[in-house]
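Data from data.txt: compact mmCIF, C-alpha atoms
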```
# COMPACT_ATOMS: atom_id res chain seq x y z
CA MET B 1 -29.58 37.91 90.94
CA SER B 2 -32.86 39.57 90.42
CA LEU B 3 -33.76 41.72 87.48
CA GLU B 4 -34.03 44.84 89.61
CA LEU B 5 -30.60 44.30 91.05
CA GLY B 6 -29.12 43.73 87.58
CA VAL B 7 -30.72 46.95 86.28
CA ALA B 8 -29.47 48.86 89.33
CA VAL B 9 -25.89 47.57 88.85
CA ALA B 10 -26.06 48.46 85.14
CA ALA B 11 -27.42 51.93 86.00
CA VAL B 12 -24.58 52.49 88.49
CA ALA B 13 -22.02 51.34 85.90
CA VAL B 14 -23.51 53.66 83.25
CA SER B 15 -23.54 56.56 85.74
CA ILE B 16 -19.90 55.94 86.64
CA LEU B 17 -19.00 55.91 82.92
CA ALA B 18 -21.04 59.09 82.40
CA LEU B 19 -19.28 60.71 85.37
CA LEU B 20 -15.87 59.74 83.99
CA ALA B 21 -16.83 61.09 80.53
CA THR B 22 -18.03 64.31 82.13
CA LEU B 23 -14.77 64.69 84.07
CA ALA B 24 -12.74 64.09 80.90
CA ALA B 25 -14.83 66.64 78.97
CA TRP B 26 -14.53 69.16 81.82
CA ARG B 27 -10.75 68.70 81.81
CA GLN B 28 -10.59 69.28 78.04
CA VAL B 29 -12.72 72.44 78.38
CA ARG B 30 -10.31 73.73 81.05
CA VAL B 31 -7.36 73.12 78.72
CA LEU B 32 -9.19 74.89 75.88
CA ARG B 33 -10.11 77.86 78.07
CA ARG B 34 -6.51 78.14 79.29
CA GLY B 35 -5.36 78.23 75.66
CA GLN B 36 -8.06 80.78 74.80
CA ARG B 37 -6.94 83.01 77.68
CA ALA B 38 -3.36 82.76 76.42
CA ILE B 39 -4.46 83.81 72.93
CA LEU B 40 -6.92 86.50 74.00
CA GLY B 41 -4.75 87.88 76.79
CA GLY B 42 -7.33 87.52 79.51
CA SER B 43 -10.11 89.09 77.46
CA THR B 44 -13.66 87.96 78.04
CA SER B 45 -14.49 87.83 74.32
CA ASP B 46 -14.41 84.59 72.41
CA VAL B 47 -12.04 83.64 69.62
CA VAL B 48 -14.40 84.84 66.86
CA ASP B 49 -14.73 88.31 68.41
CA PHE B 50 -10.98 88.39 68.83
CA ALA B 51 -10.44 87.43 65.17
CA VAL B 52 -12.85 90.17 64.04
CA SER B 53 -11.08 92.79 66.15
CA LEU B 54 -7.71 91.54 64.89
CA GLN B 55 -8.90 91.90 61.30
CA GLY B 56 -9.96 95.47 62.07
CA ARG B 57 -6.52 96.25 63.46
CA ILE B 58 -4.88 94.70 60.39
CA ASP B 59 -7.07 96.88 58.14
CA ASP B 60 -6.01 99.95 60.16
CA LEU B 61 -2.39 98.91 59.75
CA HIS B 62 -2.84 98.58 55.97
CA ARG B 63 -4.30 102.10 55.83
CA ALA B 64 -1.40 103.46 57.87
CA VAL B 65 1.12 101.76 55.58
CA ASP B 66 -0.63 103.25 52.54
CA GLU B 67 -0.44 106.73 54.13
CA VAL B 68 3.26 106.28 54.86
CA ALA B 69 3.87 105.11 51.27
CA ALA B 70 2.05 108.18 49.92
CA GLY B 71 4.12 110.40 52.22
CA LEU B 72 7.32 108.80 50.99
CA THR B 73 6.26 109.43 47.40
CA ARG B 74 5.78 113.11 48.21
CA VAL B 75 9.18 113.21 49.91
CA ASP B 76 10.79 111.52 46.90
CA ARG B 77 9.31 114.18 44.62
CA ARG B 78 10.62 116.93 46.90
CA VAL B 79 14.08 115.37 47.05
CA ASP B 80 14.13 114.92 43.26
CA GLY B 81 13.37 118.65 42.94
CA SER B 82 16.01 119.78 45.41
CA VAL B 83 19.65 120.61 44.74
CA THR B 84 21.39 117.31 45.35
CA ASN B 85 24.12 117.29 42.72
CA THR B 86 26.88 119.87 42.99
CA SER B 87 30.41 120.27 41.73
CA VAL B 88 33.19 122.83 41.30
CA VAL B 89 35.67 123.04 38.44
CA ARG B 90 38.62 125.38 39.06
CA TYR B 91 40.78 126.60 36.19
CA ASP B 92 42.90 129.43 34.80
CA ALA B 93 40.67 131.48 32.49
CA TYR B 94 43.60 133.52 31.12
CA GLN B 95 47.16 132.49 30.36
CA ASP B 96 48.67 135.35 32.34
CA ALA B 97 46.62 134.54 35.45
CA GLY B 98 47.76 131.67 37.67
CA GLY B 99 46.51 129.87 40.73
CA ARG B 100 43.32 128.54 39.15
CA GLN B 101 41.29 131.46 40.50
CA SER B 102 38.37 131.05 38.04
CA ALA B 103 35.69 128.48 38.81
CA SER B 104 32.42 127.04 37.50
CA PHE B 105 29.86 125.76 40.00
CA ALA B 106 26.98 123.42 39.08
CA PHE B 107 23.90 123.23 41.36
CA LEU B 108 21.48 120.63 39.93
CA ASP B 109 18.63 118.38 40.94
CA SER B 110 18.21 114.77 39.84
CA THR B 111 16.69 115.81 36.49
CA ARG B 112 19.69 117.99 35.50
CA THR B 113 17.68 121.11 36.26
CA GLY B 114 19.42 123.92 38.09
CA THR B 115 22.04 126.63 37.76
CA VAL B 116 25.64 126.92 36.62
CA VAL B 117 27.55 129.87 38.09
CA THR B 118 30.91 130.84 36.63
CA ALA B 119 33.31 133.33 38.18
CA ILE B 120 36.08 134.48 35.82
CA GLN B 121 38.97 136.14 37.63
CA GLY B 122 41.35 138.42 35.74
CA ARG B 123 44.23 140.49 37.15
CA ASP B 124 42.16 143.63 37.60
CA TYR B 125 38.53 142.47 37.30
CA ALA B 126 36.10 139.65 38.04
CA ARG B 127 33.02 138.60 36.11
CA VAL B 128 30.20 136.33 37.19
CA TYR B 129 27.97 134.46 34.75
CA VAL B 130 24.82 132.55 35.62
CA LYS B 131 23.20 130.03 33.29
CA GLU B 132 20.12 127.96 33.90
CA LEU B 133 19.62 124.35 32.89
CA GLU B 134 16.19 122.82 32.36
CA ARG B 135 16.41 119.02 32.13
CA GLY B 136 19.97 119.28 30.86
CA ARG B 137 19.30 122.02 28.31
CA PRO B 138 21.16 125.25 29.04
CA SER B 139 19.65 128.72 28.59
CA HIS B 140 22.95 129.78 26.93
CA ALA B 141 25.78 127.72 25.49
CA LEU B 142 28.02 126.22 28.16
CA SER B 143 31.79 126.64 28.15
CA PRO B 144 33.86 123.44 28.34
CA GLU B 145 34.50 124.09 32.06
CA GLU B 146 30.78 124.62 32.74
CA ALA B 147 29.90 121.43 30.85
CA GLU B 148 32.52 119.59 32.91
CA ALA B 149 30.99 120.96 36.13
CA VAL B 150 27.56 119.70 35.02
CA GLU B 151 28.92 116.25 34.16
CA ARG B 152 30.81 115.98 37.45
CA ALA B 153 27.71 116.99 39.40
CA MET B 154 25.57 114.37 37.69
CA ALA B 155 28.22 111.66 38.14
CA ARG B 156 27.84 111.82 41.94
```
Do you think you could lay out the structure here as structure tokens?
Amino acid sequence: MSLELGVAVAAVAVSILALLATLAAWRQVRVLRRGQRAILGGSTSDVVDFAVSLQGRIDDLHRAVDEVAAGLTRVDRRVDGSVTNTSVVRYDAYQDAGGRQSASFAFLDSTRTGTVVTAIQGRDYARVYVKELERGRPSHALSPEEAEAVERAMAR
């Protein structure tokens, strides 16, 4: 075999190997592109652009969560300041009156701030008393029935 023929056979063998390597690389690129399309959803951007846009969306989501948390804090403050604890204590204010027609009502928020309303019913008259509470401290001394109404309201 001549030298030229040997070089030609070697060149053909190297070209066949190069062709096979190229086909294998092309197949791997196709598999990678198929995976990239699955991740990117058919987008024409590359994985880095996708990651950057994803990070931007995550940052937007964090801002939205912070806004919702701030809104919930405001709602919590409003709920804490609203009348959420109520109770009624019915009793007989006078021995000659029956049927437990007198009552004390407590209307309080979560900090024991609110109003106690008492309606005393006699045979021929009715009286209504209103007392304010500020963080559990009454504006006037509470009767035992009013104190019970406050304690029942806060126990709920």
Quick one, how far is CA of Val79 in chain B from CA of Val130 in chain B?
23.3 Å
Which of these, B:Arg74, B:Arg137, B:Arg63, B:Arg27, has the shortest distance to Thr111 in chain B once you count all atoms listed in the file?
B:Arg137
Could you list, with a cut-off of 6 Å and counting all atoms listed in the file, the residues of range 3-115 of chain B near range 150-156 of chain B, each shown with its nearest atom pair and the distance in Å rounded to one decimal, rows sorted by chain and ascending number, as a tab-separated table?
```
residue	atom	partner	partner_atom	distance
B:Asn85	CA	B:Ala153	CA	4.9
B:Thr86	CA	B:Ala153	CA	4.7
B:Ser87	CA	B:Ala153	CA	4.8
B:Ala106	CA	B:Val150	CA	5.5
```
From the set B:Val48, B:Glu148, B:Ala69, B:Thr22, which residue has the shortest atom-to-atom contact distance to Val89 in chain B, counting only C-alpha atoms?
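Ranked by minimum distance to Val89 in chain B, first place goes to B:Glu148.
Across the structure, CA of Arg112 in chain B and CA of Ser82 in chain B are spaced 10.7 Å apart.
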